[in-house]
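Coordinates from data-v2.cif are shown below (mmCIF, C-alpha atoms and all ligand atoms).
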data_protein
loop_
_atom_site.label_atom_id
_atom_site.label_comp_id
_atom_site.auth_asym_id
_atom_site.auth_seq_id
_atom_site.Cartn_x
_atom_site.Cartn_y
_atom_site.Cartn_z
CA MET A 294 144.80 147.60 141.85
CA ASN A 295 142.19 146.60 139.29
CA ILE A 296 138.44 146.94 139.45
CA VAL A 297 137.11 143.55 138.36
CA VAL A 298 133.61 142.21 137.73
CA VAL A 299 133.28 138.43 138.20
CA VAL A 300 129.96 137.08 136.88
CA GLY A 301 129.01 133.66 138.29
CA ALA A 302 130.67 134.08 141.67
CA GLY A 303 128.43 131.84 143.78
CA ARG A 304 130.42 128.60 143.62
CA GLY A 305 133.40 126.97 141.98
CA LEU A 306 135.95 129.04 140.05
CA GLY A 307 133.95 132.29 140.29
CA ALA A 308 133.77 132.14 144.10
CA VAL A 309 137.47 131.26 144.49
CA LEU A 310 138.58 133.89 141.96
CA SER A 311 136.53 136.71 143.55
CA LYS A 312 138.05 136.11 147.00
CA MET A 313 141.57 135.61 145.62
CA LEU A 314 141.42 138.90 143.69
CA VAL A 315 140.43 140.75 146.88
CA GLN A 316 143.30 139.09 148.82
CA LYS A 317 145.64 140.35 146.10
CA GLY A 318 144.43 143.95 146.58
CA HIS A 319 141.81 144.32 143.85
CA LYS A 320 138.21 145.54 144.11
CA VAL A 321 135.59 143.02 142.99
CA ALA A 322 131.94 143.31 141.98
CA ALA A 323 130.74 139.72 142.21
CA GLY A 324 127.66 138.65 140.25
CA LEU A 325 125.32 135.97 141.59
CA ARG A 326 122.44 134.03 140.05
CA THR A 327 120.79 133.91 143.47
CA MET A 328 121.61 136.19 146.40
CA GLU A 329 122.01 133.87 149.39
CA GLY A 330 123.29 135.78 152.41
CA GLN A 331 126.78 136.54 151.06
CA GLU A 332 128.38 139.29 153.14
CA ASN A 333 129.78 142.33 151.40
CA SER A 334 133.11 143.74 152.51
CA GLU A 335 134.92 146.94 151.56
CA ASN A 336 136.44 145.48 148.39
CA LEU A 337 133.96 142.68 147.59
CA VAL A 338 130.37 143.59 146.84
CA TYR A 339 127.76 141.14 145.53
CA PHE A 340 125.14 142.04 142.91
CA PRO A 341 122.30 140.00 141.36
CA MET A 342 123.47 138.91 137.89
CA ASP A 343 121.57 136.04 136.32
CA VAL A 344 122.99 136.05 132.80
CA THR A 345 119.67 134.89 131.34
CA ARG A 346 117.95 138.06 132.65
CA GLU A 347 118.86 140.99 130.42
CA GLN A 348 117.29 143.69 132.60
CA GLU A 349 119.06 142.32 135.69
CA ILE A 350 122.45 142.49 133.94
CA LYS A 351 121.67 146.02 132.71
CA ASP A 352 120.74 147.09 136.25
CA ALA A 353 123.88 145.42 137.63
CA ALA A 354 126.12 147.36 135.23
CA GLU A 355 124.51 150.61 136.42
CA SER A 356 124.89 149.64 140.09
CA VAL A 357 128.53 148.62 139.60
CA LYS A 358 129.27 151.94 137.90
CA LYS A 359 127.67 153.81 140.81
CA TRP A 360 129.73 151.78 143.30
CA MET A 361 133.16 152.09 141.73
CA GLY A 362 132.97 153.84 138.36
CA ASN A 363 134.31 152.26 135.19
CA VAL A 364 135.97 148.86 135.50
CA ASP A 365 139.25 147.39 134.27
CA VAL A 366 138.26 143.76 133.76
CA ILE A 367 135.14 141.62 133.36
CA VAL A 368 135.39 137.85 133.84
CA ASN A 369 132.25 135.98 132.83
CA VAL A 370 132.54 132.63 134.62
CA ALA A 371 128.83 131.72 134.70
CA GLY A 372 128.18 128.32 133.21
CA VAL A 373 125.99 125.26 133.48
CA LEU A 374 126.28 121.56 132.65
CA LEU A 375 122.90 119.97 133.33
CA PRO A 376 122.71 116.46 134.84
CA SER A 377 120.77 115.28 131.76
CA ASP A 378 123.76 116.22 129.56
CA ARG A 379 125.97 113.73 131.46
CA THR A 380 123.81 110.75 130.49
CA ASN A 381 122.09 111.67 127.21
CA THR A 382 123.18 112.05 123.62
CA LEU A 383 121.94 114.66 121.16
CA LEU A 384 119.50 111.96 120.05
CA THR A 385 117.84 111.74 123.44
CA GLU A 386 118.38 114.94 125.47
CA LYS A 387 115.33 117.17 125.84
CA LEU A 388 115.70 120.18 123.56
CA GLU A 389 114.61 122.32 126.49
CA ASP A 390 117.81 121.25 128.31
CA VAL A 391 119.97 121.80 125.22
CA ARG A 392 118.42 125.27 124.90
CA GLN A 393 119.04 126.14 128.55
CA GLN A 394 122.76 125.36 128.29
CA ILE A 395 123.07 127.48 125.12
CA GLU A 396 121.10 130.26 126.86
CA VAL A 397 123.47 130.41 129.83
CA ASN A 398 126.83 129.38 128.37
CA ALA A 399 126.64 131.18 125.04
CA LEU A 400 123.94 133.87 124.93
CA GLY A 401 124.85 134.91 128.48
CA ILE A 402 128.18 136.13 127.13
CA ILE A 403 126.43 138.43 124.65
CA THR A 404 124.23 139.89 127.38
CA VAL A 405 127.07 140.49 129.83
CA PHE A 406 129.29 141.95 127.11
CA ARG A 407 126.58 144.27 125.75
CA GLU A 408 125.57 145.65 129.10
CA PHE A 409 129.06 146.00 130.61
CA LEU A 410 130.90 147.27 127.52
CA PRO A 411 129.89 150.91 128.22
CA ILE A 412 131.54 150.75 131.66
CA ILE A 413 134.79 148.95 130.71
CA LYS A 414 137.71 151.37 130.59
CA GLU A 415 139.34 151.94 127.20
CA GLY A 416 141.95 149.18 126.79
CA GLY A 417 140.25 147.04 129.47
CA LEU A 418 139.91 143.27 129.35
CA PHE A 419 136.87 140.98 128.89
CA LEU A 420 137.50 137.29 129.59
CA ALA A 421 134.75 134.77 128.84
CA VAL A 422 135.28 131.40 130.48
CA THR A 423 134.43 128.86 127.79
CA SER A 424 135.97 125.38 127.58
CA GLU A 425 138.16 122.97 125.68
CA GLY A 426 134.80 121.21 125.13
CA GLY A 427 133.98 123.99 122.66
CA SER A 428 136.95 123.17 120.45
CA PHE A 429 136.44 121.27 117.17
CA ALA A 430 139.73 119.54 117.99
CA ASN A 431 137.81 117.83 120.79
CA SER A 432 135.85 115.28 118.80
CA GLY A 433 134.25 113.25 121.62
CA ALA A 434 130.48 113.08 122.22
CA LEU A 435 130.66 113.50 126.03
CA PHE A 436 128.48 116.35 127.43
CA PRO A 437 127.02 117.05 123.96
CA ALA A 438 124.79 120.09 124.57
CA TYR A 439 127.45 121.64 126.78
CA GLY A 440 129.94 121.18 123.92
CA VAL A 441 127.55 122.81 121.45
CA SER A 442 127.04 125.74 123.83
CA LYS A 443 130.77 126.24 124.38
CA THR A 444 131.58 126.10 120.65
CA THR A 445 128.89 128.76 120.18
CA ALA A 446 130.45 130.69 123.06
CA ASN A 447 133.87 130.64 121.37
CA LYS A 448 132.38 131.89 118.11
CA ILE A 449 130.55 134.65 119.98
CA VAL A 450 133.84 135.75 121.55
CA GLN A 451 135.56 135.77 118.15
CA ILE A 452 132.81 137.94 116.68
CA LEU A 453 132.60 140.29 119.67
CA ARG A 454 136.34 141.00 119.67
CA THR A 455 136.22 141.85 115.98
CA THR A 456 133.14 143.99 116.53
CA VAL A 457 134.77 146.22 119.15
CA GLU A 458 138.23 146.16 117.49
CA ASP A 459 140.72 147.94 119.77
CA LYS A 460 138.40 149.38 122.43
CA VAL A 461 138.91 146.42 124.78
CA GLU A 462 140.81 143.13 124.70
CA VAL A 463 138.47 140.12 124.44
CA ALA A 464 139.37 136.46 124.91
CA ALA A 465 137.81 133.07 125.59
CA VAL A 466 139.56 131.10 128.33
CA HIS A 467 139.58 127.37 129.08
CA PRO A 468 140.03 127.20 132.87
CA GLY A 469 141.41 123.65 133.06
CA ARG A 470 139.55 120.57 134.29
CA MET A 471 138.72 121.71 137.80
CA ASN A 472 137.57 119.95 140.93
CA THR A 473 134.25 121.80 141.31
CA ASP A 474 130.60 120.74 141.36
CA MET A 475 130.71 120.80 137.58
CA GLY A 476 134.09 119.23 136.95
CA ARG A 477 134.60 116.78 139.81
CA THR A 478 134.28 113.66 137.63
CA THR A 479 137.02 114.72 135.17
CA ALA A 480 139.14 117.01 137.38
CA GLN A 481 142.90 117.46 137.02
CA ILE A 482 143.37 120.67 139.06
CA GLU A 483 141.82 122.54 141.98
CA PRO A 484 139.92 125.76 141.17
CA GLU A 485 142.58 127.66 143.18
CA GLU A 486 145.19 126.78 140.53
CA ALA A 487 142.93 128.06 137.75
CA ALA A 488 142.12 131.20 139.77
CA GLU A 489 145.87 131.92 140.21
CA GLY A 490 146.20 131.77 136.42
CA PHE A 491 143.29 134.19 135.96
CA CYS A 492 144.87 136.58 138.51
CA ASP A 493 148.15 136.44 136.55
CA LEU A 494 146.27 137.17 133.30
CA ILE A 495 144.44 140.09 134.93
CA GLU A 496 147.62 141.49 136.52
CA GLY A 497 149.56 141.08 133.26
CA LYS A 498 152.05 138.65 134.91
CA ILE A 499 151.16 136.26 132.09
CA LYS A 500 151.68 138.10 128.81
CA VAL A 501 149.14 137.41 126.10
CA ASN A 502 149.11 138.94 122.64
CA TYR A 503 145.34 139.37 122.48
CA LYS A 504 145.56 140.57 118.87
CA GLU A 505 146.67 137.05 117.89
CA GLN A 506 145.57 134.89 120.82
CA TRP A 507 141.88 134.99 121.62
CA PHE A 508 141.22 131.36 122.76
CA ILE A 509 143.66 130.56 125.54
CA ASP A 510 143.90 128.45 128.68
CA TYR A 511 144.30 129.76 132.24
CA LEU A 512 148.09 129.82 131.75
CA GLY A 513 147.80 132.00 128.64
CA LYS A 514 148.62 129.20 126.18
CA THR A 515 146.77 129.21 122.84
CA MET A 516 144.00 126.59 122.65
CA PRO A 517 143.15 124.68 119.47
CA LEU A 518 139.96 125.89 117.79
N1 LIG B 1 134.99 122.52 136.08
C1 LIG B 1 135.60 122.26 134.94
O1 LIG B 1 136.34 121.26 134.84
C2 LIG B 1 135.44 123.17 133.76
C3 LIG B 1 136.11 122.85 132.57
C4 LIG B 1 135.98 123.71 131.48
C5 LIG B 1 135.21 124.86 131.59
N2 LIG B 1 134.55 125.13 132.76
C6 LIG B 1 133.76 126.36 132.82
O2 LIG B 1 134.26 127.15 133.90
C7 LIG B 1 133.19 127.94 134.45
C8 LIG B 1 133.12 127.71 135.96
O3 LIG B 1 132.86 126.33 136.17
P1 LIG B 1 132.85 125.69 137.62
O4 LIG B 1 133.52 124.39 137.47
O5 LIG B 1 133.31 126.66 138.63
O6 LIG B 1 131.26 125.40 137.75
P2 LIG B 1 130.28 125.37 139.00
O7 LIG B 1 131.02 125.04 140.24
O8 LIG B 1 129.15 124.53 138.58
O9 LIG B 1 129.82 126.91 139.11
C9 LIG B 1 129.10 127.49 138.07
C10 LIG B 1 128.75 128.90 138.46
O10 LIG B 1 128.00 129.50 137.40
C11 LIG B 1 126.85 130.09 137.99
N3 LIG B 1 125.72 130.17 137.07
C12 LIG B 1 125.00 129.17 136.51
N4 LIG B 1 123.99 129.66 135.79
C13 LIG B 1 124.05 131.01 135.91
C14 LIG B 1 123.26 132.07 135.42
N5 LIG B 1 122.17 131.87 134.67
N6 LIG B 1 123.62 133.34 135.74
C15 LIG B 1 124.70 133.59 136.51
N7 LIG B 1 125.47 132.61 137.04
C16 LIG B 1 125.14 131.34 136.73
C17 LIG B 1 126.52 129.19 139.15
O11 LIG B 1 125.62 129.86 140.02
P3 LIG B 1 124.73 129.03 141.10
O12 LIG B 1 125.67 128.68 142.21
O13 LIG B 1 123.67 130.00 141.48
O14 LIG B 1 124.21 127.82 140.38
C18 LIG B 1 127.91 128.97 139.72
O15 LIG B 1 128.31 130.05 140.53
C19 LIG B 1 131.93 127.53 133.69
O16 LIG B 1 131.70 128.44 132.64
C20 LIG B 1 132.30 126.17 133.14
O17 LIG B 1 131.55 125.84 131.99
C21 LIG B 1 134.64 124.32 133.83
#
Can the structure from this file be put into structure tokens for me?
Ligand SMILES: NC(=O)c1ccc[n+]([C@@H]2O[C@H](COP(=O)([O-])OP(=O)(O)OC[C@H]3O[C@@H](n4cnc5c(N)ncnc54)[C@H](OP(=O)(O)O)[C@@H]3O)[C@@H](O)[C@H]2O)c1
Amino acid sequence: MNIVVVVGAGRGLGAVLSKMLVQKGHKVAAGLRTMEGQENSENLVYFPMDVTREQEIKDAAESVKKWMGNVDVIVNVAGVLLPSDRTNTLLTEKLEDVRQQIEVNALGIITVFREFLPIIKEGGLFLAVTSEGGSFANSGALFPAYGVSKTTANKIVQILRTTVEDKVEVAAVHPGRMNTDMGRTTAQIEPEEAAEGFCDLIEGKIKVNYKEQWFIDYLGKTMPL
């Protein structure tokens, strides 16, 4: 049994993963941007966690620690792809929208990592859901600000893992092209398939050499940078 924090658990992958982890016998602290009548159960408790609100994430880490002590795994799933980013280029998209996607998709990782690091057990695991869209190998101009934010997110993960050295394992994970609100137009898999992969990563059923592999997909395969 692992104690897992899933940040961004309201919809899509985060919602599916939280429930799947509980079904598999784990305890989950699920972070939401907006609390909307979700019901807590013995092993699934919801906490406010808007990744753009530093104090809220700090408070959440304290509340999670009070609820179940130090945790084994953090999965930061929270992400946004604004409608304007589907139709604009970097020549036309409002900078405010570009900024918002960087704020959530990239800086949100720093905030969650900073505030939760003190309560991750030694040797624990921090997975940041980024995207193949953040890879330089992906040279298209589709979803431009999202791509910028996810490349920044990957770099943040690379720097964070070096910063903490061996205290915890840190990796960026591409979850596959999922059939969710965000990914419906380009989907290849259901979020359940991605969530199964994340469960296998968390349970160690998929072996990853985190010293060498720090940008992987949901099956543990190394992604191109
Ligand atoms: N779908 C794909 O094909 C695909 C491909 C590559 C990478 N990804 C990445 O995978 C992750 C999950 O994507 P998804 O497809 O499940 O997306 P989704 O269905 O749009 O869900 C996104 C989740 O992130 C939450 N979120 C947004 N802003 C937040 C904030 N400021 N603080 C906390 N939570 C916030 C949303 O909360 P609300 O419900 O409150 O809005 C929602 O629960 C994202 O990081 C995404 O970029 C997805």
> Mind listing as number ranges by chain all residues within 12 Å of (148.1, 139.3, 117.8), counting only C-alpha atoms?
Replying inline: A: 459, 462-464, 500-508, 515
> How would you write, as JSON, numbers by chain, the set of residues no farther than 9 Å from ligand LIG 1 (chain B) when counting only C-alpha atoms and all ligand atoms?
Replying inline: {"A": [300, 301, 302, 303, 304, 305, 306, 307, 308, 309, 324, 325, 326, 327, 328, 329, 341, 342, 343, 344, 345, 346, 369, 370, 371, 372, 373, 374, 393, 394, 396, 397, 398, 401, 421, 422, 423, 424, 425, 426, 439, 443, 466, 467, 468, 469, 470, 471, 472, 473, 474, 475, 476, 477, 478, 479, 480, 481, 482, 484]}
Give me a file of those residues, with C-alpha atoms, as a compact mmCIF listing (two decimals), keeping the file's coordinate frame.
# COMPACT_ATOMS: atom_id res chain seq x y z
CA VAL A 300 129.96 137.08 136.88
CA GLY A 301 129.01 133.66 138.29
CA ALA A 302 130.67 134.08 141.67
CA GLY A 303 128.43 131.84 143.78
CA ARG A 304 130.42 128.60 143.62
CA GLY A 305 133.40 126.97 141.98
CA LEU A 306 135.95 129.04 140.05
CA GLY A 307 133.95 132.29 140.29
CA ALA A 308 133.77 132.14 144.10
CA VAL A 309 137.47 131.26 144.49
CA GLY A 324 127.66 138.65 140.25
CA LEU A 325 125.32 135.97 141.59
CA ARG A 326 122.44 134.03 140.05
CA THR A 327 120.79 133.91 143.47
CA MET A 328 121.61 136.19 146.40
CA GLU A 329 122.01 133.87 149.39
CA PRO A 341 122.30 140.00 141.36
CA MET A 342 123.47 138.91 137.89
CA ASP A 343 121.57 136.04 136.32
CA VAL A 344 122.99 136.05 132.80
CA THR A 345 119.67 134.89 131.34
CA ARG A 346 117.95 138.06 132.65
CA ASN A 369 132.25 135.98 132.83
CA VAL A 370 132.54 132.63 134.62
CA ALA A 371 128.83 131.72 134.70
CA GLY A 372 128.18 128.32 133.21
CA VAL A 373 125.99 125.26 133.48
CA LEU A 374 126.28 121.56 132.65
CA GLN A 393 119.04 126.14 128.55
CA GLN A 394 122.76 125.36 128.29
CA GLU A 396 121.10 130.26 126.86
CA VAL A 397 123.47 130.41 129.83
CA ASN A 398 126.83 129.38 128.37
CA GLY A 401 124.85 134.91 128.48
CA ALA A 421 134.75 134.77 128.84
CA VAL A 422 135.28 131.40 130.48
CA THR A 423 134.43 128.86 127.79
CA SER A 424 135.97 125.38 127.58
CA GLU A 425 138.16 122.97 125.68
CA GLY A 426 134.80 121.21 125.13
CA TYR A 439 127.45 121.64 126.78
CA LYS A 443 130.77 126.24 124.38
CA VAL A 466 139.56 131.10 128.33
CA HIS A 467 139.58 127.37 129.08
CA PRO A 468 140.03 127.20 132.87
CA GLY A 469 141.41 123.65 133.06
CA ARG A 470 139.55 120.57 134.29
CA MET A 471 138.72 121.71 137.80
CA ASN A 472 137.57 119.95 140.93
CA THR A 473 134.25 121.80 141.31
CA ASP A 474 130.60 120.74 141.36
CA MET A 475 130.71 120.80 137.58
CA GLY A 476 134.09 119.23 136.95
CA ARG A 477 134.60 116.78 139.81
CA THR A 478 134.28 113.66 137.63
CA THR A 479 137.02 114.72 135.17
CA ALA A 480 139.14 117.01 137.38
CA GLN A 481 142.90 117.46 137.02
CA ILE A 482 143.37 120.67 139.06
CA PRO A 484 139.92 125.76 141.17
>> Using all atoms listed in the file, which protein or nucleic acid residues come within 8 Å of Lys460 (chain A)? Drop anything in the same chain fewer than 6 positions from it, and give the result as JSON, numbers by chain.
In response: {"A": [415, 416, 417]}
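Shortest atom-to-atom contact with Glu489 (chain A) among A:Val366, A:Lys317, A:Thr445, A:Ile296: A:Lys317, counting only C-alpha atoms.
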>> When you count all atoms listed in the file, which of these residues is closest to Pro376 (chain A): A:Ser428, A:Arg407, A:Pro437, A:Gly330?
In response: A:Pro437
Using only the atoms of region 440-457 of chain A listed in the file, plus 3 Å on each side, state the axis-aligned box centre and edge lengths in Å rounded to one decimal, as JSON.
{"center_x": 131.7, "center_y": 133.7, "center_z": 120.2, "size_x": 15.3, "size_y": 31.0, "size_z": 14.4}
> Using all atoms listed in the file, which residues sit within 9 Å of Ala438 (chain A) once same-chain residues fewer than 2 positions away are excluded, as a VMD selection string?
Replying inline: chain A and resid 374 to 375 378 382 to 383 386 390 to 392 394 to 395 435 to 436 440 to 443
Polymer residues at most 10 Å from Phe406 (chain A), only C-alpha atoms, same-chain spacing of 5 or more positions, as a tab-separated table (two decimals) with C-alpha atoms, in the coordinates of the input:
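Below is the file part13.tsv, written as the result:
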chain	number	residue	atom	x	y	z
A	350	ILE	CA	122.45	142.49	133.94
A	367	ILE	CA	135.14	141.62	133.36
A	368	VAL	CA	135.39	137.85	133.84
A	369	ASN	CA	132.25	135.98	132.83
A	400	LEU	CA	123.94	133.87	124.93
A	401	GLY	CA	124.85	134.91	128.48
A	411	PRO	CA	129.89	150.91	128.22
A	413	ILE	CA	134.79	148.95	130.71
A	419	PHE	CA	136.87	140.98	128.89
A	420	LEU	CA	137.50	137.29	129.59
A	421	ALA	CA	134.75	134.77	128.84
A	450	VAL	CA	133.84	135.75	121.55
A	453	LEU	CA	132.60	140.29	119.67
A	463	VAL	CA	138.47	140.12	124.44
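Counting from CA of Pro517 (chain A), the distance to CA of Phe491 (chain A) is 19.0 Å.
Counting from CA of Tyr339 (chain A), the distance to CA of Ile499 (chain A) is 27.4 Å.
The shortest atom-to-atom distance to Glu408 (chain A), with all atoms listed in the file taken into account, belongs to A:Lys351 out of A:Lys359, A:Lys387, A:Arg379, A:Lys351.
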>> Given the point (134.4, 148.2, 146.1) in the coordinates of this file, which residues lie within 10 Å, counting all atoms listed in the file, and how would they look as number ranges by chain?
In response: A: 296-297, 315, 319-322, 333-339, 357, 360-362
>> So the first atom is CA of Phe429 (chain A) and the second is CA of Lys448 (chain A); what is the distance between them in Å, to one decimal place?
In response: 11.4 Å
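Minimum distance to Phe409 (chain A) across A:Val461, A:Leu518, A:Leu512, A:Leu310 (counting only C-alpha atoms) occurs at A:Val461.
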>> Taking all atoms listed in the file into account, name the residue in A:Ile403, A:Met516, A:Met294, A:Ala354 that is nearest to Thr456 (chain A).
In response: A:Ile403
Could N, CA, C and O atoms be built for region 320-332 of chain A and written out as a PDB file, in the frame of the given file?
ATOM      1  N   LYS A 320     139.609 145.321 143.710  1.00  0.00           N
ATOM      2  CA  LYS A 320     138.210 145.540 144.110  1.00  0.00           C
ATOM      3  C   LYS A 320     137.343 144.680 143.199  1.00  0.00           C
ATOM      4  O   LYS A 320     137.544 144.696 141.973  1.00  0.00           O
ATOM      5  N   VAL A 321     136.382 143.963 143.788  1.00  0.00           N
ATOM      6  CA  VAL A 321     135.590 143.020 142.990  1.00  0.00           C
ATOM      7  C   VAL A 321     134.089 143.258 143.153  1.00  0.00           C
ATOM      8  O   VAL A 321     133.577 143.328 144.278  1.00  0.00           O
ATOM      9  N   ALA A 322     133.400 143.367 142.006  1.00  0.00           N
ATOM     10  CA  ALA A 322     131.940 143.310 141.980  1.00  0.00           C
ATOM     11  C   ALA A 322     131.608 141.884 141.551  1.00  0.00           C
ATOM     12  O   ALA A 322     131.966 141.463 140.452  1.00  0.00           O
ATOM     13  N   ALA A 323     130.970 141.142 142.458  1.00  0.00           N
ATOM     14  CA  ALA A 323     130.740 139.720 142.210  1.00  0.00           C
ATOM     15  C   ALA A 323     129.274 139.494 141.860  1.00  0.00           C
ATOM     16  O   ALA A 323     128.380 139.865 142.631  1.00  0.00           O
ATOM     17  N   GLY A 324     129.025 138.873 140.712  1.00  0.00           N
ATOM     18  CA  GLY A 324     127.660 138.650 140.250  1.00  0.00           C
ATOM     19  C   GLY A 324     127.152 137.278 140.622  1.00  0.00           C
ATOM     20  O   GLY A 324     127.834 136.277 140.423  1.00  0.00           O
ATOM     21  N   LEU A 325     125.916 137.243 141.156  1.00  0.00           N
ATOM     22  CA  LEU A 325     125.320 135.970 141.590  1.00  0.00           C
ATOM     23  C   LEU A 325     124.003 135.708 140.874  1.00  0.00           C
ATOM     24  O   LEU A 325     123.247 136.641 140.604  1.00  0.00           O
ATOM     25  N   ARG A 326     123.751 134.421 140.610  1.00  0.00           N
ATOM     26  CA  ARG A 326     122.440 134.030 140.050  1.00  0.00           C
ATOM     27  C   ARG A 326     121.372 134.179 141.125  1.00  0.00           C
ATOM     28  O   ARG A 326     120.277 134.643 140.868  1.00  0.00           O
ATOM     29  N   THR A 327     121.719 133.731 142.342  1.00  0.00           N
ATOM     30  CA  THR A 327     120.790 133.910 143.470  1.00  0.00           C
ATOM     31  C   THR A 327     121.551 134.505 144.644  1.00  0.00           C
ATOM     32  O   THR A 327     122.635 134.022 144.984  1.00  0.00           O
ATOM     33  N   MET A 328     120.975 135.543 145.247  1.00  0.00           N
ATOM     34  CA  MET A 328     121.610 136.190 146.400  1.00  0.00           C
ATOM     35  C   MET A 328     121.256 135.348 147.624  1.00  0.00           C
ATOM     36  O   MET A 328     120.085 135.195 147.952  1.00  0.00           O
ATOM     37  N   GLU A 329     122.287 134.779 148.272  1.00  0.00           N
ATOM     38  CA  GLU A 329     122.010 133.870 149.390  1.00  0.00           C
ATOM     39  C   GLU A 329     122.839 134.219 150.610  1.00  0.00           C
ATOM     40  O   GLU A 329     123.712 133.443 151.025  1.00  0.00           O
ATOM     41  N   GLY A 330     122.655 135.417 151.138  1.00  0.00           N
ATOM     42  CA  GLY A 330     123.290 135.780 152.410  1.00  0.00           C
ATOM     43  C   GLY A 330     124.790 135.996 152.355  1.00  0.00           C
ATOM     44  O   GLY A 330     125.452 135.967 153.393  1.00  0.00           O
ATOM     45  N   GLN A 331     125.353 136.209 151.129  1.00  0.00           N
ATOM     46  CA  GLN A 331     126.780 136.540 151.060  1.00  0.00           C
ATOM     47  C   GLN A 331     127.000 137.883 151.726  1.00  0.00           C
ATOM     48  O   GLN A 331     126.167 138.781 151.591  1.00  0.00           O
ATOM     49  N   GLU A 332     128.109 138.026 152.445  1.00  0.00           N
ATOM     50  CA  GLU A 332     128.380 139.290 153.140  1.00  0.00           C
ATOM     51  C   GLU A 332     129.317 140.154 152.315  1.00  0.00           C
ATOM     52  O   GLU A 332     130.395 139.703 151.929  1.00  0.00           O
TER      53      GLU A 332
END
